[in-house]
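Asks: My structure is stored as data25.tsv, with TSV, C-alpha atoms.
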chain	number	residue	atom	x	y	z
I	25	ALA	CA	50.79	-50.44	80.11
I	26	TYR	CA	48.48	-50.17	77.14
I	27	GLU	CA	48.06	-46.69	75.76
I	28	ILE	CA	44.30	-46.19	75.89
I	29	ARG	CA	42.48	-43.02	74.81
I	30	LEU	CA	45.50	-41.48	73.17
I	31	SER	CA	43.53	-38.42	72.14
I	32	LEU	CA	43.24	-37.61	75.84
I	33	VAL	CA	46.66	-38.66	76.92
I	34	GLY	CA	31.42	-71.94	80.75
I	35	SER	CA	29.66	-73.09	83.07
I	36	GLU	CA	31.12	-74.16	86.41
I	37	MET	CA	32.32	-77.78	86.57
I	38	CYS	CA	30.55	-79.67	89.28
I	39	ILE	CA	31.81	-83.21	89.96
I	40	ARG	CA	29.43	-85.21	91.97
I	41	ASP	CA	27.40	-88.37	91.74
I	42	ARG	CA	23.85	-88.12	90.57
I	43	VAL	CA	21.55	-88.23	93.56
I	44	SER	CA	18.35	-90.18	93.30
I	45	THR	CA	15.62	-91.07	95.77
I	46	GLN	CA	13.81	-94.35	96.06
I	47	SER	CA	10.74	-95.10	98.07
I	48	THR	CA	10.97	-98.30	100.15
I	49	GLY	CA	8.24	-99.30	102.53
I	50	GLY	CA	7.10	-95.78	103.19
I	51	SER	CA	10.65	-94.48	103.83
I	52	ARG	CA	12.82	-92.51	101.41
I	53	ILE	CA	16.38	-93.72	100.93
I	54	LEU	CA	19.01	-91.39	99.51
I	55	GLN	CA	21.07	-93.19	96.88
I	56	THR	CA	24.25	-91.97	95.16
I	57	GLY	CA	24.42	-94.48	92.34
I	58	LYS	CA	27.36	-96.27	94.01
I	59	GLN	CA	25.66	-99.30	95.42
I	60	LYS	CA	28.30	-101.52	93.90
I	61	THR	CA	31.90	-100.39	93.73
I	62	GLY	CA	34.09	-102.90	91.96
I	63	LYS	CA	37.33	-102.17	90.13
I	64	LYS	CA	35.60	-100.13	87.46
I	65	GLY	CA	33.79	-98.06	90.07
I	66	THR	CA	37.02	-97.38	91.94
I	67	ILE	CA	38.77	-96.28	88.72
I	68	LYS	CA	35.91	-93.88	87.95
I	69	VAL	CA	36.23	-92.32	91.39
I	70	TYR	CA	39.97	-91.74	90.93
I	71	VAL	CA	39.46	-90.32	87.44
I	72	ARG	CA	36.83	-87.89	88.74
I	73	LEU	CA	39.08	-86.90	91.63
I	74	PHE	CA	41.98	-86.28	89.22
I	75	LEU	CA	39.80	-84.12	86.97
I	76	PHE	CA	38.55	-82.18	89.96
I	77	VAL	CA	42.12	-81.43	91.09
I	78	LEU	CA	43.01	-80.21	87.60
I	79	TYR	CA	39.95	-78.00	87.52
I	80	ARG	CA	40.74	-76.43	90.89
I	81	GLN	CA	44.34	-75.83	89.83
I	82	TYR	CA	43.62	-74.08	86.56
I	83	HIS	CA	40.18	-72.54	87.04
I	84	HIS	CA	39.87	-71.69	90.68
I	85	LYS	CA	39.20	-67.97	91.13
I	86	PRO	CA	40.99	-66.28	94.03
I	87	ASN	CA	38.84	-65.02	96.85
I	88	MET	CA	38.29	-61.27	96.86
I	89	SER	CA	39.38	-61.16	100.49
I	90	SER	CA	42.86	-62.32	99.44
I	91	ILE	CA	43.45	-59.04	97.60
I	92	GLN	CA	44.84	-56.15	99.61
I	93	PHE	CA	43.34	-52.74	98.86
I	94	SER	CA	44.45	-49.25	99.84
I	95	LYS	CA	42.81	-45.82	99.73
I	96	VAL	CA	43.84	-43.56	96.86
I	97	ASP	CA	43.40	-39.80	96.43
I	98	LEU	CA	42.42	-38.81	92.89
I	99	PHE	CA	42.62	-35.31	91.41
I	100	GLY	CA	44.32	-33.87	94.46
I	101	GLY	CA	41.97	-35.61	96.90
I	102	ALA	CA	38.76	-34.31	95.32
I	103	ILE	CA	37.79	-37.93	94.57
I	104	LYS	CA	38.70	-40.94	96.69
I	105	CYS	CA	38.51	-44.67	96.03
I	106	GLU	CA	40.26	-47.94	96.82
I	107	LEU	CA	42.61	-49.78	94.46
I	108	PRO	CA	44.77	-52.90	94.88
I	109	ALA	CA	47.70	-52.15	97.16
I	110	GLY	CA	50.96	-51.70	95.32
I	111	TRP	CA	49.49	-50.43	92.07
I	112	LEU	CA	51.66	-47.71	90.54
I	113	ASP	CA	50.61	-44.14	89.87
I	114	VAL	CA	51.53	-43.77	86.18
I	115	SER	CA	51.98	-40.00	86.57
I	116	ASN	CA	55.21	-40.82	88.43
I	117	ILE	CA	56.43	-42.62	85.29
I	118	ARG	CA	55.16	-40.50	82.43
I	119	GLN	CA	53.00	-37.45	81.82
I	120	VAL	CA	49.27	-37.98	82.29
I	121	PRO	CA	46.62	-35.46	81.14
I	122	ASP	CA	45.05	-33.31	83.86
I	123	ASN	CA	41.63	-34.90	83.35
I	124	GLN	CA	42.97	-38.43	83.96
I	125	GLU	CA	44.26	-40.58	86.78
I	126	VAL	CA	46.03	-43.75	85.61
I	127	TYR	CA	47.21	-46.66	87.75
I	128	MET	CA	48.72	-49.98	86.73
I	129	SER	CA	49.59	-53.24	88.43
I	130	ASN	CA	53.17	-53.80	89.52
I	131	THR	CA	53.95	-56.91	87.48
I	132	THR	CA	57.06	-58.83	88.42
I	133	LYS	CA	56.46	-62.33	87.03
I	134	PRO	CA	57.79	-63.11	83.53
I	135	GLY	CA	55.10	-63.44	80.89
I	136	GLU	CA	52.48	-61.49	82.83
I	137	GLU	CA	51.32	-58.13	81.53
I	138	GLU	CA	50.15	-55.16	83.54
I	139	CYS	CA	46.52	-54.37	84.22
I	140	SER	CA	45.71	-50.69	84.14
I	141	ILE	CA	42.84	-48.53	85.22
I	142	ILE	CA	41.97	-45.07	83.94
I	143	ILE	CA	39.64	-42.67	85.72
I	144	GLU	CA	38.88	-39.66	83.54
I	145	LEU	CA	36.59	-36.67	83.55
I	146	LEU	CA	34.90	-35.97	80.21
I	147	ALA	CA	32.38	-33.43	79.02
I	148	LEU	CA	28.87	-34.86	79.36
I	149	GLN	CA	27.71	-36.33	76.05
I	150	ASP	CA	24.18	-34.98	76.47
I	151	ASP	CA	23.22	-35.95	72.92
I	152	VAL	CA	23.85	-39.65	73.71
I	153	PRO	CA	20.98	-41.46	75.49
I	154	ASN	CA	21.81	-43.05	78.83
I	155	GLU	CA	21.28	-46.59	77.59
I	156	GLN	CA	23.76	-46.03	74.73
I	157	ILE	CA	26.56	-44.20	76.56
I	158	GLY	CA	28.54	-47.37	77.25
I	159	LEU	CA	28.47	-48.36	73.57
I	160	PHE	CA	29.44	-44.82	72.59
I	161	GLN	CA	32.51	-44.82	74.85
I	162	PHE	CA	33.54	-48.30	73.71
I	163	ILE	CA	33.35	-47.30	70.03
I	164	GLU	CA	35.36	-44.14	70.75
I	165	LEU	CA	38.04	-46.22	72.46
I	166	ALA	CA	38.22	-48.73	69.61
I	167	LYS	CA	38.49	-46.05	66.93
I	168	GLU	CA	41.29	-44.31	68.76
I	169	GLU	CA	43.26	-47.54	68.41
I	170	ASP	CA	42.25	-48.10	64.76
I	171	GLU	CA	40.26	-45.50	62.84
I	172	SER	CA	39.50	-47.99	60.04
I	173	LEU	CA	37.33	-50.16	62.28
I	174	ILE	CA	33.68	-50.38	61.28
I	175	GLN	CA	31.13	-49.67	63.99
I	176	ASP	CA	29.23	-52.93	63.48
I	177	ALA	CA	32.47	-54.89	63.84
I	178	ILE	CA	33.27	-53.07	67.07
I	179	LEU	CA	29.84	-53.77	68.54
I	180	GLN	CA	30.33	-57.49	67.90
I	181	GLN	CA	33.10	-57.38	70.52
I	182	VAL	CA	30.70	-56.16	73.21
I	183	GLU	CA	29.76	-58.91	75.67
I	184	ILE	CA	27.74	-57.09	78.35
I	185	ASN	CA	26.02	-53.69	78.30
I	186	LYS	CA	23.72	-52.83	81.19
I	187	GLN	CA	22.68	-50.19	83.69
I	188	LEU	CA	24.13	-50.36	87.19
I	189	THR	CA	22.02	-50.01	90.32
I	190	THR	CA	23.46	-46.93	91.97
I	191	ALA	CA	22.25	-47.77	95.48
I	192	GLN	CA	23.97	-51.15	95.33
I	193	ASP	CA	26.96	-50.56	93.06
I	194	LEU	CA	27.70	-46.89	93.86
I	195	PRO	CA	26.52	-46.39	97.44
I	196	GLN	CA	28.56	-43.18	97.92
I	197	LEU	CA	26.93	-41.54	94.88
I	198	SER	CA	23.40	-42.94	95.00
I	199	ALA	CA	21.98	-39.73	96.48
I	200	GLN	CA	23.39	-37.58	93.67
I	201	GLY	CA	20.88	-38.66	91.02
I	202	VAL	CA	23.53	-40.15	88.74
I	203	TYR	CA	23.15	-42.73	85.97
I	204	ALA	CA	25.78	-45.45	85.64
I	205	SER	CA	26.32	-47.92	82.82
I	206	TYR	CA	28.55	-51.00	82.71
I	207	LEU	CA	30.07	-52.44	79.54
I	208	GLN	CA	32.32	-55.44	79.12
I	209	GLY	CA	34.01	-56.35	75.84
I	210	HIS	CA	37.39	-56.97	74.26
I	211	LEU	CA	39.71	-55.19	71.86
I	212	TRP	CA	43.06	-55.92	70.23
I	213	LEU	CA	45.40	-53.24	71.52
I	214	SER	CA	49.10	-52.49	71.23
I	215	LYS	CA	51.49	-51.00	73.71
I	216	THR	CA	53.30	-47.75	73.06
I	217	ARG	CA	55.74	-48.00	70.14
I	218	SER	CA	54.83	-51.64	69.55
I	219	ALA	CA	53.21	-53.20	66.49
I	220	VAL	CA	52.25	-56.33	68.40
I	221	LYS	CA	48.61	-56.42	69.51
I	222	THR	CA	47.21	-58.33	72.44
I	223	ARG	CA	43.63	-59.20	73.23
I	224	VAL	CA	42.62	-57.00	76.15
I	225	GLN	CA	39.42	-57.42	78.12
I	226	ILE	CA	37.78	-54.04	78.64
I	227	TYR	CA	35.58	-53.17	81.64
I	228	MET	CA	34.00	-49.71	81.36
I	229	VAL	CA	31.79	-47.83	83.78
I	230	ASP	CA	30.38	-44.46	82.74
I	231	ILE	CA	28.96	-42.46	85.64
I	232	ARG	CA	26.84	-39.58	84.37
I	233	LEU	CA	27.10	-36.63	86.74
I	234	PHE	CA	24.29	-34.49	85.33
I	235	SER	CA	24.53	-31.73	87.96
I	236	VAL	CA	28.09	-30.90	86.86
I	237	THR	CA	27.67	-31.92	83.17
I	238	THR	CA	30.40	-34.55	83.41
I	239	ASP	CA	30.85	-38.15	82.35
I	240	LEU	CA	33.15	-39.84	84.87
I	241	LEU	CA	34.56	-42.74	82.86
I	242	ILE	CA	36.37	-45.67	84.46
I	243	THR	CA	38.19	-48.11	82.17
I	244	LEU	CA	39.87	-51.25	83.46
I	245	ASN	CA	42.16	-52.92	80.91
I	246	TYR	CA	42.87	-56.59	81.55
I	247	PRO	CA	45.23	-58.30	79.04
I	248	GLU	CA	44.75	-62.01	78.43
I	249	THR	CA	48.22	-62.59	79.89
I	250	ALA	CA	47.53	-60.64	83.09
I	251	SER	CA	48.01	-62.22	86.49
I	252	PRO	CA	45.13	-64.53	87.49
I	253	LEU	CA	45.55	-63.19	91.03
I	254	LEU	CA	43.94	-59.90	89.93
I	255	PRO	CA	40.26	-60.73	89.21
I	256	PRO	CA	38.95	-57.67	87.33
I	257	GLN	CA	35.36	-57.87	88.60
I	258	ALA	CA	36.54	-57.83	92.21
I	259	ILE	CA	38.80	-54.84	91.57
I	260	LEU	CA	36.05	-52.89	89.82
I	261	HIS	CA	33.46	-53.77	92.47
I	262	ARG	CA	35.72	-52.49	95.27
I	263	LEU	CA	36.57	-49.32	93.34
I	264	LEU	CA	32.92	-48.47	92.72
I	265	ALA	CA	31.81	-49.31	96.25
I	266	SER	CA	34.45	-46.97	97.68
I	267	LEU	CA	34.22	-44.20	95.06
I	268	LYS	CA	33.39	-40.89	96.71
I	269	ILE	CA	33.46	-37.29	95.49
I	270	GLU	CA	34.81	-35.14	98.34
I	271	ASP	CA	35.07	-31.82	96.54
I	272	TRP	CA	32.50	-30.97	93.84
I	273	SER	CA	34.33	-27.75	92.99
I	274	LEU	CA	36.65	-29.99	90.96
I	275	PHE	CA	34.10	-29.81	88.14
I	276	LYS	CA	33.88	-26.00	88.02
So, in terms of C-alpha cells, how does the structure I just supplied come out?

Replies:
Amino acid sequence: AYEIRLSLVGSEMCIRDRVSTQSTGGSRILQTGKQKTGKKGTIKVYVRLFLFVLYRQYHHKPNMSSIQFSKVDLFGGAIKCELPAGWLDVSNIRQVPDNQEVYMSNTTKPGEEECSIIIELLALQDDVPNEQIGLFQFIELAKEEDESLIQDAILQQVEINKQLTTAQDLPQLSAQGVYASYLQGHLWLSKTRSAVKTRVQIYMVDIRLFSVTTDLLITLNYPETASPLLPPQAILHRLLASLKIEDWSLFK
C-alpha cells in the first residue's frame, strides 16, 4: 500500500435515436428518424449496437449493492464503521501509529494495486477556517511526499472541494454539531522503498469534532491501476453513513 502521511506513521454515452414529434391531422405521432431502413440504415444500427456493447464493457460502473461490506471496530471499538469485506487491517502486517487505523484491499489479480483507507485522529487545526481545512490537509499530504512542491502547483491537482451535509452524509454524527469537508484530487505517490510513482486519486473527508478539539481525517487512496470493482465513491459513502463514535472518552 502507499505510504501516506509518513510523519504520522465525460459525460455519459447515451446511444439512442433522436426523437421528434410531428403533428398530423390533430394527432401527434412519435417518430424515431427510422422511417426508412435500407442497407445503410441497418449498418448504422449494428455500428451503434457494437459501440454500445464496447461502452458497457469498459465503462460500466458496478452497482454498489454488488459490494459486500462488514462492520469494523476502530480504536478498540470506540469508533465503528463499515468497510468492504475482506479488506486487511494493516496493523497485522506492519506497525501503525496509535492515532491511525489503516485498511487496504486484498488484491489478488496481477497488475492491480491495492486501495487503502486511513482513519486518523489529529489535533484540531483551529487556526484554519472550515472552508479551507480540506485544502490544508491535501497540501500537508502532498508536501509529506515531496517537500519541494509549490502550494499553487498542489492546488491545481484539486478537483472537488466542498462542504458535506452532515444530516445526509453523516447521519450518526449530525447531532454533534460537527463540520465536514470533502476534497477530491490526485497526487503522484510512491510505495515504500520504491522510486516509481503512480498517479493516485485522493478522496479526503475532514470531520471537525469541535467539542473534543479533534480533526477526524479519512483518506481513501485509489491508484489508477486499482480494481474497477472497488468504486471509491461507494466505499466512502458507506463508510460515512455507518460512521459512529461509541466512546467519546477516546479523545480525552

Asks: Can you tell me, as number ranges by chain, what residues are no more than 8 Å from I:Ile269 when counting all atoms listed in the file, ignoring any on the same chain fewer than 4 positions away?

Replies: I: 102-104, 197

Asks: Can you write out as a tab-separated table which residues of stretch 163-262 of chain I fall within 7 Å of stretch 150-159 of chain I, alongside each residue's closest atom pair and its distance in Å to one decimal, counting all atoms listed in the file and ordering rows by chain and ascending residue number?

Replies:
residue	atom	partner	partner_atom	distance
I:Ile163	CA	I:Leu159	CA	6.1
I:Asn185	CA	I:Gly158	CA	6.9
I:Ser205	CA	I:Gly158	CA	6.0
I:Tyr206	CA	I:Gly158	CA	6.6
I:Leu207	CA	I:Gly158	CA	5.8
I:Asp230	CA	I:Gly158	CA	6.5

Asks: Take atom CA of I:Lys276 and atom CA of I:Thr238 and report the distance between them in Å, one decimal.

Replies: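 So the two atoms, atom CA of I:Lys276 and atom CA of I:Thr238, lie 10.3 Å apart.
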
Asks: Give me, please, the distance in Å between atom CA of I:Asp176 and atom CA of I:Gln161, quoted to one decimal.

Replies: 14.3 Å

Asks: From the set I:Gln257, I:Ser251, I:Ser273, I:Thr189, which residue has the shortest atom-to-atom contact distance to I:Tyr203, counting all atoms listed in the file?

Replies: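 Selected residue with least distance to I:Tyr203: I:Thr189.
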
Asks: Using all atoms listed in the file, which residue out of I:Pro252, I:Pro108, I:Pro195, I:Gly209 lies closest to I:Val96?

Replies: I:Pro108

Asks: Output requested as a PDB file, in the coordinates of the input - stretch 231-247 of chain I, filled out with N, CA, C and O atoms.

Replies:
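The new file part.pdb reads:
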ATOM      1  N   ILE I 231      29.825 -43.041  84.614  1.00  0.00           N
ATOM      2  CA  ILE I 231      28.960 -42.460  85.640  1.00  0.00           C
ATOM      3  C   ILE I 231      28.590 -41.057  85.182  1.00  0.00           C
ATOM      4  O   ILE I 231      29.451 -40.179  85.065  1.00  0.00           O
ATOM      5  N   ARG I 232      27.309 -40.854  84.912  1.00  0.00           N
ATOM      6  CA  ARG I 232      26.840 -39.580  84.370  1.00  0.00           C
ATOM      7  C   ARG I 232      26.472 -38.629  85.512  1.00  0.00           C
ATOM      8  O   ARG I 232      25.471 -38.821  86.208  1.00  0.00           O
ATOM      9  N   LEU I 233      27.312 -37.624  85.688  1.00  0.00           N
ATOM     10  CA  LEU I 233      27.100 -36.630  86.740  1.00  0.00           C
ATOM     11  C   LEU I 233      26.384 -35.434  86.114  1.00  0.00           C
ATOM     12  O   LEU I 233      26.999 -34.459  85.689  1.00  0.00           O
ATOM     13  N   PHE I 234      25.073 -35.499  86.058  1.00  0.00           N
ATOM     14  CA  PHE I 234      24.290 -34.490  85.330  1.00  0.00           C
ATOM     15  C   PHE I 234      24.417 -33.106  85.961  1.00  0.00           C
ATOM     16  O   PHE I 234      24.450 -32.101  85.258  1.00  0.00           O
ATOM     17  N   SER I 235      24.504 -33.034  87.286  1.00  0.00           N
ATOM     18  CA  SER I 235      24.530 -31.730  87.960  1.00  0.00           C
ATOM     19  C   SER I 235      25.778 -30.923  87.645  1.00  0.00           C
ATOM     20  O   SER I 235      25.772 -29.699  87.768  1.00  0.00           O
ATOM     21  N   VAL I 236      26.847 -31.614  87.213  1.00  0.00           N
ATOM     22  CA  VAL I 236      28.090 -30.900  86.860  1.00  0.00           C
ATOM     23  C   VAL I 236      28.478 -31.192  85.407  1.00  0.00           C
ATOM     24  O   VAL I 236      29.629 -31.001  85.025  1.00  0.00           O
ATOM     25  N   THR I 237      27.507 -31.645  84.616  1.00  0.00           N
ATOM     26  CA  THR I 237      27.670 -31.920  83.170  1.00  0.00           C
ATOM     27  C   THR I 237      28.981 -32.658  82.869  1.00  0.00           C
ATOM     28  O   THR I 237      29.789 -32.240  82.031  1.00  0.00           O
ATOM     29  N   THR I 238      29.165 -33.788  83.551  1.00  0.00           N
ATOM     30  CA  THR I 238      30.400 -34.550  83.410  1.00  0.00           C
ATOM     31  C   THR I 238      30.102 -36.044  83.295  1.00  0.00           C
ATOM     32  O   THR I 238      29.236 -36.570  83.987  1.00  0.00           O
ATOM     33  N   ASP I 239      30.826 -36.693  82.395  1.00  0.00           N
ATOM     34  CA  ASP I 239      30.850 -38.150  82.350  1.00  0.00           C
ATOM     35  C   ASP I 239      32.130 -38.600  83.037  1.00  0.00           C
ATOM     36  O   ASP I 239      33.239 -38.331  82.552  1.00  0.00           O
ATOM     37  N   LEU I 240      31.992 -39.282  84.175  1.00  0.00           N
ATOM     38  CA  LEU I 240      33.150 -39.840  84.870  1.00  0.00           C
ATOM     39  C   LEU I 240      33.316 -41.264  84.331  1.00  0.00           C
ATOM     40  O   LEU I 240      32.510 -42.142  84.618  1.00  0.00           O
ATOM     41  N   LEU I 241      34.366 -41.458  83.552  1.00  0.00           N
ATOM     42  CA  LEU I 241      34.560 -42.740  82.860  1.00  0.00           C
ATOM     43  C   LEU I 241      35.694 -43.522  83.510  1.00  0.00           C
ATOM     44  O   LEU I 241      36.806 -43.013  83.680  1.00  0.00           O
ATOM     45  N   ILE I 242      35.377 -44.755  83.873  1.00  0.00           N
ATOM     46  CA  ILE I 242      36.370 -45.670  84.460  1.00  0.00           C
ATOM     47  C   ILE I 242      36.592 -46.812  83.486  1.00  0.00           C
ATOM     48  O   ILE I 242      35.645 -47.481  83.065  1.00  0.00           O
ATOM     49  N   THR I 243      37.849 -47.041  83.113  1.00  0.00           N
ATOM     50  CA  THR I 243      38.190 -48.110  82.170  1.00  0.00           C
ATOM     51  C   THR I 243      39.246 -49.001  82.778  1.00  0.00           C
ATOM     52  O   THR I 243      40.349 -48.536  83.098  1.00  0.00           O
ATOM     53  N   LEU I 244      38.914 -50.262  82.961  1.00  0.00           N
ATOM     54  CA  LEU I 244      39.870 -51.250  83.460  1.00  0.00           C
ATOM     55  C   LEU I 244      40.299 -52.122  82.290  1.00  0.00           C
ATOM     56  O   LEU I 244      39.477 -52.748  81.630  1.00  0.00           O
ATOM     57  N   ASN I 245      41.600 -52.139  82.019  1.00  0.00           N
ATOM     58  CA  ASN I 245      42.160 -52.920  80.910  1.00  0.00           C
ATOM     59  C   ASN I 245      42.838 -54.166  81.464  1.00  0.00           C
ATOM     60  O   ASN I 245      43.752 -54.068  82.290  1.00  0.00           O
ATOM     61  N   TYR I 246      42.397 -55.329  80.993  1.00  0.00           N
ATOM     62  CA  TYR I 246      42.870 -56.590  81.550  1.00  0.00           C
ATOM     63  C   TYR I 246      43.373 -57.490  80.416  1.00  0.00           C
ATOM     64  O   TYR I 246      42.592 -58.196  79.778  1.00  0.00           O
ATOM     65  N   PRO I 247      44.689 -57.466  80.121  1.00  0.00           N
ATOM     66  CA  PRO I 247      45.230 -58.300  79.040  1.00  0.00           C
ATOM     67  C   PRO I 247      45.026 -59.787  79.320  1.00  0.00           C
ATOM     68  O   PRO I 247      44.947 -60.201  80.486  1.00  0.00           O
TER      69      PRO I 247
END
